[in-house]
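A.B. asks: Sending over final.pdb (PDB, C-alpha atoms, pLDDT in the B column).
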ATOM      1  CA  MET A 224      41.448  95.698-102.673  1.00 58.00           C
ATOM      2  CA  GLU A 225      38.659  96.175-100.196  1.00 65.00           C
ATOM      3  CA  GLU A 226      39.070  98.238 -97.073  1.00 68.00           C
ATOM      4  CA  ARG A 227      38.873  96.376 -93.764  1.00 72.00           C
ATOM      5  CA  GLU A 228      35.620  96.926 -91.904  1.00 71.00           C
ATOM      6  CA  GLU A 229      37.345  98.331 -88.813  1.00 73.00           C
ATOM      7  CA  PHE A 230      39.228 100.910 -90.958  1.00 76.00           C
ATOM      8  CA  ILE A 231      36.192 102.405 -92.736  1.00 78.00           C
ATOM      9  CA  GLY A 232      35.892 106.115 -92.056  1.00 77.00           C
ATOM     10  CA  ARG A 233      39.173 106.253 -90.117  1.00 79.00           C
ATOM     11  CA  ASP A 234      42.536 107.732 -91.002  1.00 79.00           C
ATOM     12  CA  VAL A 235      44.713 104.622 -90.631  1.00 78.00           C
ATOM     13  CA  PRO A 236      48.498 104.949 -91.135  1.00 79.00           C
ATOM     14  CA  SER A 237      49.649 103.294 -94.346  1.00 76.00           C
ATOM     15  CA  LEU A 238      52.074 100.940 -92.532  1.00 79.00           C
ATOM     16  CA  ILE A 239      49.205  99.437 -90.549  1.00 81.00           C
ATOM     17  CA  SER A 240      46.979  99.052 -93.601  1.00 78.00           C
ATOM     18  CA  GLN A 241      49.917  97.525 -95.539  1.00 78.00           C
ATOM     19  CA  PHE A 242      50.328  94.919 -92.813  1.00 83.00           C
ATOM     20  CA  TRP A 243      46.659  93.934 -92.996  1.00 79.00           C
ATOM     21  CA  ASP A 244      46.778  93.921 -96.818  1.00 77.00           C
ATOM     22  CA  THR A 245      49.045  90.872 -96.618  1.00 77.00           C
ATOM     23  CA  ASN A 246      47.794  89.127 -93.440  1.00 82.00           C
ATOM     24  CA  ASP A 247      44.488  87.544 -92.447  1.00 83.00           C
ATOM     25  CA  ILE A 248      43.393  87.424 -96.103  1.00 85.00           C
ATOM     26  CA  THR A 249      40.266  85.566 -97.223  1.00 88.00           C
ATOM     27  CA  CYS A 250      39.629  87.311-100.552  1.00 89.00           C
ATOM     28  CA  PHE A 251      41.742  86.913-103.701  1.00 89.00           C
ATOM     29  CA  CYS A 252      41.008  88.614-107.007  1.00 91.00           C
ATOM     30  CA  TYR A 253      42.217  88.645-110.558  1.00 90.00           C
ATOM     31  CA  ASP A 254      41.132  90.829-113.448  1.00 92.00           C
ATOM     32  CA  LYS A 255      40.813  90.160-117.154  1.00 91.00           C
ATOM     33  CA  ARG A 256      40.283  92.923-119.690  1.00 88.00           C
ATOM     34  CA  PHE A 257      37.911  92.313-122.591  1.00 87.00           C
ATOM     35  CA  ASN A 258      36.087  94.157-125.342  1.00 84.00           C
ATOM     36  CA  LYS A 259      32.355  93.670-124.886  1.00 80.00           C
ATOM     37  CA  ALA A 260      31.797  94.143-128.630  1.00 75.00           C
ATOM     38  CA  GLY A 261      34.084  91.164-129.242  1.00 75.00           C
ATOM     39  CA  GLY A 262      36.934  92.989-130.977  1.00 73.00           C
ATOM     40  CA  LYS A 263      40.613  93.075-130.141  1.00 78.00           C
ATOM     41  CA  ILE A 264      41.620  95.040-127.033  1.00 74.00           C
ATOM     42  CA  LYS A 265      43.705  98.128-127.776  1.00 72.00           C
ATOM     43  CA  ASP A 266      45.889  99.637-125.041  1.00 65.00           C
ATOM     44  CA  ASP A 267      44.507 103.151-125.498  1.00 62.00           C
ATOM     45  CA  ASP A 268      40.822 102.272-126.068  1.00 67.00           C
ATOM     46  CA  PHE A 269      39.405 102.877-122.584  1.00 68.00           C
ATOM     47  CA  ALA A 270      35.869 103.514-123.853  1.00 70.00           C
ATOM     48  CA  ASN A 271      35.392  99.907-125.024  1.00 75.00           C
ATOM     49  CA  THR A 272      37.576  97.991-122.553  1.00 80.00           C
ATOM     50  CA  TRP A 273      35.591  96.247-119.831  1.00 87.00           C
ATOM     51  CA  LEU A 274      37.047  94.405-116.850  1.00 89.00           C
ATOM     52  CA  GLU A 275      35.986  90.954-115.663  1.00 93.00           C
ATOM     53  CA  LYS A 276      36.827  90.758-111.966  1.00 94.00           C
ATOM     54  CA  THR A 277      36.932  87.251-110.468  1.00 95.00           C
ATOM     55  CA  LYS A 278      36.956  87.066-106.683  1.00 94.00           C
ATOM     56  CA  PHE A 279      37.678  83.935-104.630  1.00 94.00           C
ATOM     57  CA  ILE A 280      36.677  83.830-100.957  1.00 94.00           C
ATOM     58  CA  THR A 281      38.443  81.191 -98.853  1.00 93.00           C
ATOM     59  CA  VAL A 282      37.104  79.331 -95.820  1.00 93.00           C
ATOM     60  CA  GLU A 283      40.261  79.972 -93.753  1.00 91.00           C
ATOM     61  CA  PRO A 284      42.293  83.198 -93.752  1.00 89.00           C
ATOM     62  CA  LEU A 285      45.833  83.157 -95.113  1.00 86.00           C
ATOM     63  CA  PRO A 286      48.608  82.851 -94.200  1.00 85.00           C
ATOM     64  CA  ASN A 287      48.000  79.771 -92.074  1.00 84.00           C
ATOM     65  CA  LYS A 288      49.477  76.309 -91.393  1.00 86.00           C
ATOM     66  CA  LEU A 289      47.534  74.444 -94.078  1.00 83.00           C
ATOM     67  CA  ARG A 290      49.012  73.858 -97.531  1.00 82.00           C
ATOM     68  CA  LEU A 291      45.609  73.953 -99.207  1.00 87.00           C
ATOM     69  CA  VAL A 292      42.617  76.090 -98.325  1.00 89.00           C
ATOM     70  CA  GLU A 293      39.083  75.432 -99.481  1.00 93.00           C
ATOM     71  CA  ILE A 294      37.377  78.088-101.597  1.00 93.00           C
ATOM     72  CA  ALA A 295      34.016  78.963-100.063  1.00 95.00           C
ATOM     73  CA  ARG A 296      32.666  80.831-103.092  1.00 96.00           C
ATOM     74  CA  GLN A 297      33.605  82.527-106.326  1.00 96.00           C
ATOM     75  CA  GLU A 298      32.146  85.800-107.611  1.00 96.00           C
ATOM     76  CA  VAL A 299      32.508  87.159-111.137  1.00 96.00           C
ATOM     77  CA  THR A 300      31.562  90.752-111.906  1.00 94.00           C
ATOM     78  CA  GLU A 301      31.936  92.923-114.971  1.00 93.00           C
ATOM     79  CA  LEU A 302      33.081  96.513-114.580  1.00 90.00           C
ATOM     80  CA  SER A 303      32.144  99.085-117.192  1.00 86.00           C
ATOM     81  CA  PRO A 304      34.864 101.331-118.615  1.00 83.00           C
ATOM     82  CA  ILE A 305      33.908 104.211-116.300  1.00 80.00           C
ATOM     83  CA  ASN A 306      33.948 101.934-113.214  1.00 85.00           C
ATOM     84  CA  THR A 307      37.325 100.579-114.334  1.00 83.00           C
ATOM     85  CA  ALA A 308      38.621 104.154-114.576  1.00 78.00           C
ATOM     86  CA  ILE A 309      37.306 104.949-111.088  1.00 82.00           C
ATOM     87  CA  GLU A 310      38.947 101.817-109.663  1.00 84.00           C
ATOM     88  CA  THR A 311      42.240 102.722-111.368  1.00 80.00           C
ATOM     89  CA  MET A 312      42.147 106.224-109.872  1.00 80.00           C
ATOM     90  CA  GLU A 313      41.387 104.856-106.393  1.00 85.00           C
ATOM     91  CA  LYS A 314      44.331 102.451-106.664  1.00 84.00           C
ATOM     92  CA  LYS A 315      46.658 105.269-107.738  1.00 83.00           C
ATOM     93  CA  ASN A 316      45.435 107.399-104.802  1.00 84.00           C
ATOM     94  CA  ARG A 317      46.278 104.564-102.371  1.00 84.00           C
ATOM     95  CA  GLU A 318      49.770 104.223-103.912  1.00 85.00           C
ATOM     96  CA  LEU A 319      50.362 107.973-103.600  1.00 85.00           C
ATOM     97  CA  ARG A 320      49.108 107.942 -99.991  1.00 84.00           C
ATOM     98  CA  VAL A 321      51.725 105.284 -99.102  1.00 83.00           C
ATOM     99  CA  LEU A 322      54.510 107.370-100.688  1.00 84.00           C
ATOM    100  CA  ILE A 323      53.327 110.566 -98.986  1.00 84.00           C
ATOM    101  CA  ASP A 324      53.057 108.876 -95.571  1.00 83.00           C
ATOM    102  CA  GLY A 325      56.538 107.398 -96.008  1.00 81.00           C
ATOM    103  CA  TYR A 326      57.985 110.796 -96.854  1.00 80.00           C
ATOM    104  CA  LYS A 327      56.181 112.465 -93.916  1.00 81.00           C
ATOM    105  CA  ALA A 328      57.594 109.856 -91.519  1.00 79.00           C
ATOM    106  CA  GLN A 329      61.191 110.292 -92.731  1.00 80.00           C
ATOM    107  CA  ARG A 330      61.703 113.671 -94.364  1.00 76.00           C
ATOM    108  CA  GLU A 331      65.424 113.012 -94.751  1.00 77.00           C
ATOM    109  CA  THR A 332      64.719 110.275 -97.313  1.00 76.00           C
ATOM    110  CA  ASN A 333      65.006 110.851-101.039  1.00 79.00           C
ATOM    111  CA  ALA A 334      61.854 112.524-102.401  1.00 78.00           C
ATOM    112  CA  ASN A 335      62.505 111.432-105.998  1.00 81.00           C
ATOM    113  CA  PRO A 336      60.125 108.417-105.936  1.00 82.00           C
ATOM    114  CA  LEU A 337      57.313 110.632-104.631  1.00 80.00           C
ATOM    115  CA  THR A 338      58.113 113.391-107.130  1.00 81.00           C
ATOM    116  CA  MET A 339      58.220 110.960-110.061  1.00 81.00           C
ATOM    117  CA  ALA A 340      54.930 109.331-109.015  1.00 81.00           C
ATOM    118  CA  LEU A 341      53.232 112.727-108.727  1.00 78.00           C
ATOM    119  CA  ASN A 342      54.598 113.862-112.094  1.00 76.00           C
ATOM    120  CA  GLY A 343      53.482 110.619-113.708  1.00 74.00           C
ATOM    121  CA  THR A 344      50.002 111.046-112.264  1.00 71.00           C
ATOM    122  CA  ILE A 345      49.522 114.743-112.945  1.00 69.00           C
ATOM    123  CA  ASP A 346      51.179 114.835-116.367  1.00 69.00           C
ATOM    124  CA  ALA A 347      50.392 111.301-117.551  1.00 63.00           C
ATOM    125  CA  VAL A 348      51.353 110.677-121.166  1.00 62.00           C
ATOM    126  CA  VAL A 349      51.412 106.868-121.118  1.00 57.00           C
ATOM    127  CA  GLN A 350      48.562 105.374-123.190  1.00 55.00           C
ATOM    128  CA  GLY A 351      47.116 108.806-123.913  1.00 60.00           C
ATOM    129  CA  GLY A 352      47.069 109.982-120.293  1.00 61.00           C
ATOM    130  CA  ILE A 353      44.281 111.999-118.713  1.00 62.00           C
ATOM    131  CA  LYS A 354      42.951 113.003-122.140  1.00 66.00           C
ATOM    132  CA  LYS A 355      41.734 109.399-122.626  1.00 63.00           C
ATOM    133  CA  TYR A 356      39.742 109.588-119.372  1.00 61.00           C
ATOM    134  CA  GLU A 357      38.194 112.866-120.563  1.00 66.00           C
ATOM    135  CA  GLU A 358      37.238 111.206-123.860  1.00 67.00           C
ATOM    136  CA  LEU A 359      35.795 108.243-121.962  1.00 64.00           C
ATOM    137  CA  SER A 360      33.590 110.468-119.809  1.00 65.00           C
ATOM    138  CA  SER A 361      32.406 112.347-122.930  1.00 69.00           C
ATOM    139  CA  VAL A 362      31.504 109.081-124.682  1.00 65.00           C
ATOM    140  CA  MET A 363      29.651 107.817-121.605  1.00 66.00           C
ATOM    141  CA  ILE A 364      27.695 111.083-121.286  1.00 68.00           C
ATOM    142  CA  ILE A 365      26.703 110.975-124.960  1.00 67.00           C
ATOM    143  CA  GLN A 366      25.586 107.349-124.607  1.00 68.00           C
ATOM    144  CA  LYS A 367      23.408 108.256-121.599  1.00 67.00           C
ATOM    145  CA  ILE A 368      21.845 111.181-123.485  1.00 66.00           C
ATOM    146  CA  ILE A 369      21.013 108.885-126.425  1.00 68.00           C
ATOM    147  CA  LEU A 370      19.413 106.340-124.071  1.00 70.00           C
ATOM    148  CA  LEU A 371      17.340 109.058-122.382  1.00 68.00           C
ATOM    149  CA  MET A 372      16.225 110.407-125.760  1.00 65.00           C
ATOM    150  CA  ARG A 373      15.147 106.906-126.836  1.00 69.00           C
ATOM    151  CA  LYS A 374      13.177 106.438-123.617  1.00 69.00           C
ATOM    152  CA  ILE A 375      11.460 109.806-124.075  1.00 69.00           C
ATOM    153  CA  SER A 376      10.556 109.069-127.703  1.00 64.00           C
ATOM    154  CA  CYS A 377       9.082 105.675-126.707  1.00 64.00           C
ATOM    155  CA  THR A 378       6.694 107.189-124.151  1.00 54.00           C
TER     156      THR A 378
END
Kindly present the structure from the file in structure tokens form.
C.D. replies:
Amino acid sequence: MEEREEFIGRDVPSLISQFWDTNDITCFCYDKRFNKAGGKIKDDDFANTWLEKTKFITVEPLPNKLRLVEIARQEVTELSPINTAIETMEKKNRELRVLIDGYKAQRETNANPLTMALNGTIDAVVQGGIKKYEELSSVMIIQKIILLMRKISCT
């Protein structure tokens, strides 16, 4: 989800940003995972899983009175595994920010949802956890070194 232009560089309370996340919307996205090599997608294979992000931009913002809204344009982009990992981390940070802001606003509320979310983020064991991101960054670094070595040997 893209940040609103008027919110860039500002510390906006999560309740206000949540409101604008669901009102005055002109951009809709969906993602599809795929293996660029053409093989089957495995849940724990982050190094080979790419993301095809399709974005639709509408002529009129939603919600509105019309039943149908014309699509002005469609954009399709491919995200590499490292960019997918970065996007996933940014999304998780936004989710944690909402929980933290909610707990700050009402300290009497139950802190279990916040505690569980933090534990799940810090000590992630689902699909290999943080170790898979470390492996991904190692693979990407090795691939860049190989490309640089090939460029050097060609010149």
A.B. asks: Could you state the separation of CA of Lys288 (chain A) and CA of Asn246 (chain A) in Å, given to one decimal place?
C.D. replies: 13.1 Å
A.B. asks: Write out as a ChimeraX atom specification each polymer residue whose atoms come within 8 Å of Val299 (chain A), counting only C-alpha atoms; drop sequence neighbours fewer than 3 positions from it.
C.D. replies: /A:275-278
A.B. asks: Quick one, how far is CA of Leu319 (chain A) from CA of Ser240 (chain A)?
C.D. replies: 13.8 Å
A.B. asks: With the file shown as input, list the residues that the PyMOL selection byres ((chain A and resi 252) around 12) selects, as a list in words.
C.D. replies: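 Evaluating the PyMOL selection byres ((chain A and resi 252) around 12) on this file yields Met224, Glu225, Ile248, Thr249, Cys250, Phe251, Tyr253, Asp254, Lys255, Glu275, Lys276, Thr277, Lys278, Phe279, Ile280, Thr281, Gln297, Glu298, Val299 and Thr300 of chain A.
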A.B. asks: Print the selection's residues with C-alpha atoms to a file, as a CSV table (one decimal), keeping the file's coordinate frame.
C.D. replies:
chain,number,residue,atom,x,y,z
A,224,MET,CA,41.4,95.7,-102.7
A,225,GLU,CA,38.7,96.2,-100.2
A,248,ILE,CA,43.4,87.4,-96.1
A,249,THR,CA,40.3,85.6,-97.2
A,250,CYS,CA,39.6,87.3,-100.6
A,251,PHE,CA,41.7,86.9,-103.7
A,253,TYR,CA,42.2,88.6,-110.6
A,254,ASP,CA,41.1,90.8,-113.4
A,255,LYS,CA,40.8,90.2,-117.2
A,275,GLU,CA,36.0,91.0,-115.7
A,276,LYS,CA,36.8,90.8,-112.0
A,277,THR,CA,36.9,87.3,-110.5
A,278,LYS,CA,37.0,87.1,-106.7
A,279,PHE,CA,37.7,83.9,-104.6
A,280,ILE,CA,36.7,83.8,-101.0
A,281,THR,CA,38.4,81.2,-98.9
A,297,GLN,CA,33.6,82.5,-106.3
A,298,GLU,CA,32.1,85.8,-107.6
A,299,VAL,CA,32.5,87.2,-111.1
A,300,THR,CA,31.6,90.8,-111.9
A.B. asks: Just give me the residues with any atom within 12 Å of (39.0, 97.2, -114.4), file coordinates, counting all atoms listed in the file, written as a ChimeraX atom specification.
C.D. replies: /A:252-258,269-277,300-314
A.B. asks: Go through A:Thr245, A:Ser237, A:Thr344, A:Thr338 and flag the residue nearest Asp324 (chain A), using all atoms listed in the file for the distances.
C.D. replies: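 Among A:Thr245, A:Ser237, A:Thr344, A:Thr338, it is A:Ser237 that comes nearest to Asp324 (chain A).
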A.B. asks: May I ask for the distance between CA of Pro286 (chain A) and CA of Arg227 (chain A), given in Å to one decimal place?
C.D. replies: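 These two atoms are separated by 16.7 Å.
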A.B. asks: Mind checking which residues fall within 10 Å of region 333-336 of chain A, counting all atoms listed in the file, ignoring those fewer than 5 positions away in the same chain, and posting them as an NGL selection string?
C.D. replies: :A and (322-323 or 325-326 or 341-342)
A.B. asks: From the list A:Arg233, A:Leu238, A:Leu370, A:Arg296, which residue is nearest Ala328 (chain A) when using only C-alpha atoms?
C.D. replies: A:Leu238
A.B. asks: Considering all atoms listed in the file, can you say which of A:Leu285, A:Ile264, A:Lys259, A:Glu318 comes closest to Trp243 (chain A)?
C.D. replies: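 Checking each of A:Leu285, A:Ile264, A:Lys259, A:Glu318 against Trp243 (chain A), counting all atoms listed in the file, the winner is A:Leu285.
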A.B. asks: Since the input is missing atoms for region 282-293 of chain A, could you rebuild it with all heavy atoms and give the result as an mmCIF file, in the frame of the given file?
C.D. replies:
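Here's the written file result-v3.cif:
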data_model
loop_
_atom_site.group_PDB
_atom_site.id
_atom_site.type_symbol
_atom_site.label_atom_id
_atom_site.label_comp_id
_atom_site.auth_asym_id
_atom_site.auth_seq_id
_atom_site.Cartn_x
_atom_site.Cartn_y
_atom_site.Cartn_z
ATOM 1 N N VAL A 282 37.711 79.698 -97.099
ATOM 2 C CA VAL A 282 37.104 79.331 -95.820
ATOM 3 C C VAL A 282 37.985 79.804 -94.663
ATOM 4 O O VAL A 282 37.501 80.350 -93.681
ATOM 5 C CB VAL A 282 36.873 77.806 -95.749
ATOM 6 C CG1 VAL A 282 36.373 77.387 -94.377
ATOM 7 C CG2 VAL A 282 35.913 77.361 -96.833
ATOM 8 N N GLU A 283 39.294 79.597 -94.786
ATOM 9 C CA GLU A 283 40.261 79.972 -93.753
ATOM 10 C C GLU A 283 41.092 81.163 -94.239
ATOM 11 O O GLU A 283 41.449 81.222 -95.413
ATOM 12 C CB GLU A 283 41.209 78.803 -93.445
ATOM 13 C CG GLU A 283 40.538 77.577 -92.899
ATOM 14 C CD GLU A 283 40.058 77.766 -91.480
ATOM 15 O OE1 GLU A 283 40.701 78.513 -90.725
ATOM 16 O OE2 GLU A 283 39.029 77.165 -91.128
ATOM 17 N N PRO A 284 41.423 82.083 -93.346
ATOM 18 C CA PRO A 284 42.293 83.198 -93.752
ATOM 19 C C PRO A 284 43.725 82.730 -93.987
ATOM 20 O O PRO A 284 44.174 81.745 -93.421
ATOM 21 C CB PRO A 284 42.217 84.163 -92.567
ATOM 22 C CG PRO A 284 41.815 83.329 -91.416
ATOM 23 C CD PRO A 284 41.003 82.193 -91.951
ATOM 24 N N LEU A 285 44.424 83.445 -94.831
ATOM 25 C CA LEU A 285 45.833 83.157 -95.113
ATOM 26 C C LEU A 285 46.676 84.317 -94.611
ATOM 27 O O LEU A 285 46.200 85.447 -94.572
ATOM 28 C CB LEU A 285 46.045 82.945 -96.605
ATOM 29 C CG LEU A 285 45.393 81.692 -97.189
ATOM 30 C CD1 LEU A 285 45.515 81.687 -98.689
ATOM 31 C CD2 LEU A 285 45.997 80.442 -96.594
ATOM 32 N N PRO A 286 47.902 84.119 -94.253
ATOM 33 C CA PRO A 286 48.608 82.851 -94.200
ATOM 34 C C PRO A 286 48.140 82.010 -93.013
ATOM 35 O O PRO A 286 47.694 82.531 -92.006
ATOM 36 C CB PRO A 286 50.068 83.272 -94.029
ATOM 37 C CG PRO A 286 50.024 84.627 -93.420
ATOM 38 C CD PRO A 286 48.742 85.256 -93.869
ATOM 39 N N ASN A 287 48.279 80.694 -93.182
ATOM 40 C CA ASN A 287 48.000 79.771 -92.074
ATOM 41 C C ASN A 287 48.834 78.503 -92.262
ATOM 42 O O ASN A 287 49.642 78.416 -93.175
ATOM 43 C CB ASN A 287 46.498 79.487 -91.924
ATOM 44 C CG ASN A 287 45.934 78.556 -92.948
ATOM 45 O OD1 ASN A 287 46.594 77.645 -93.434
ATOM 46 N ND2 ASN A 287 44.677 78.772 -93.292
ATOM 47 N N LYS A 288 48.635 77.508 -91.393
ATOM 48 C CA LYS A 288 49.477 76.309 -91.393
ATOM 49 C C LYS A 288 49.146 75.322 -92.510
ATOM 50 O O LYS A 288 49.953 74.481 -92.848
ATOM 51 C CB LYS A 288 49.346 75.593 -90.049
ATOM 52 C CG LYS A 288 49.828 76.401 -88.871
ATOM 53 C CD LYS A 288 49.614 75.633 -87.599
ATOM 54 C CE LYS A 288 48.850 76.512 -86.640
ATOM 55 N NZ LYS A 288 48.457 75.852 -85.431
ATOM 56 N N LEU A 289 47.967 75.402 -93.066
ATOM 57 C CA LEU A 289 47.534 74.444 -94.078
ATOM 58 C C LEU A 289 48.173 74.734 -95.429
ATOM 59 O O LEU A 289 48.387 75.888 -95.793
ATOM 60 C CB LEU A 289 46.006 74.489 -94.225
ATOM 61 C CG LEU A 289 45.210 74.199 -92.963
ATOM 62 C CD1 LEU A 289 43.731 74.417 -93.224
ATOM 63 C CD2 LEU A 289 45.461 72.787 -92.484
ATOM 64 N N ARG A 290 48.448 73.685 -96.187
ATOM 65 C CA ARG A 290 49.012 73.858 -97.531
ATOM 66 C C ARG A 290 47.928 74.217 -98.533
ATOM 67 O O ARG A 290 48.177 74.930 -99.494
ATOM 68 C CB ARG A 290 49.724 72.589 -97.964
ATOM 69 C CG ARG A 290 50.983 72.338 -97.152
ATOM 70 C CD ARG A 290 51.727 71.156 -97.653
ATOM 71 N NE ARG A 290 52.253 71.470 -98.982
ATOM 72 C CZ ARG A 290 52.984 70.649 -99.686
ATOM 73 N NH1 ARG A 290 53.282 69.468 -99.218
ATOM 74 N NH2 ARG A 290 53.420 70.990 -100.863
ATOM 75 N N LEU A 291 46.736 73.683 -98.317
ATOM 76 C CA LEU A 291 45.609 73.953 -99.207
ATOM 77 C C LEU A 291 44.465 74.542 -98.396
ATOM 78 O O LEU A 291 44.229 74.130 -97.259
ATOM 79 C CB LEU A 291 45.135 72.670 -99.892
ATOM 80 C CG LEU A 291 46.151 71.956 -100.781
ATOM 81 C CD1 LEU A 291 45.585 70.629 -101.253
ATOM 82 C CD2 LEU A 291 46.527 72.824 -101.962
ATOM 83 N N VAL A 292 43.754 75.475 -98.996
ATOM 84 C CA VAL A 292 42.617 76.090 -98.325
ATOM 85 C C VAL A 292 41.418 75.993 -99.262
ATOM 86 O O VAL A 292 41.520 76.257 -100.455
ATOM 87 C CB VAL A 292 42.905 77.569 -97.980
ATOM 88 C CG1 VAL A 292 41.698 78.221 -97.360
ATOM 89 C CG2 VAL A 292 44.088 77.667 -97.046
ATOM 90 N N GLU A 293 40.297 75.594 -98.694
ATOM 91 C CA GLU A 293 39.083 75.432 -99.481
ATOM 92 C C GLU A 293 38.509 76.790 -99.887
ATOM 93 O O GLU A 293 38.506 77.741 -99.098
ATOM 94 C CB GLU A 293 38.047 74.660 -98.654
ATOM 95 C CG GLU A 293 36.769 74.391 -99.372
ATOM 96 C CD GLU A 293 35.758 73.647 -98.517
ATOM 97 O OE1 GLU A 293 36.132 73.160 -97.436
ATOM 98 O OE2 GLU A 293 34.596 73.565 -98.939
#
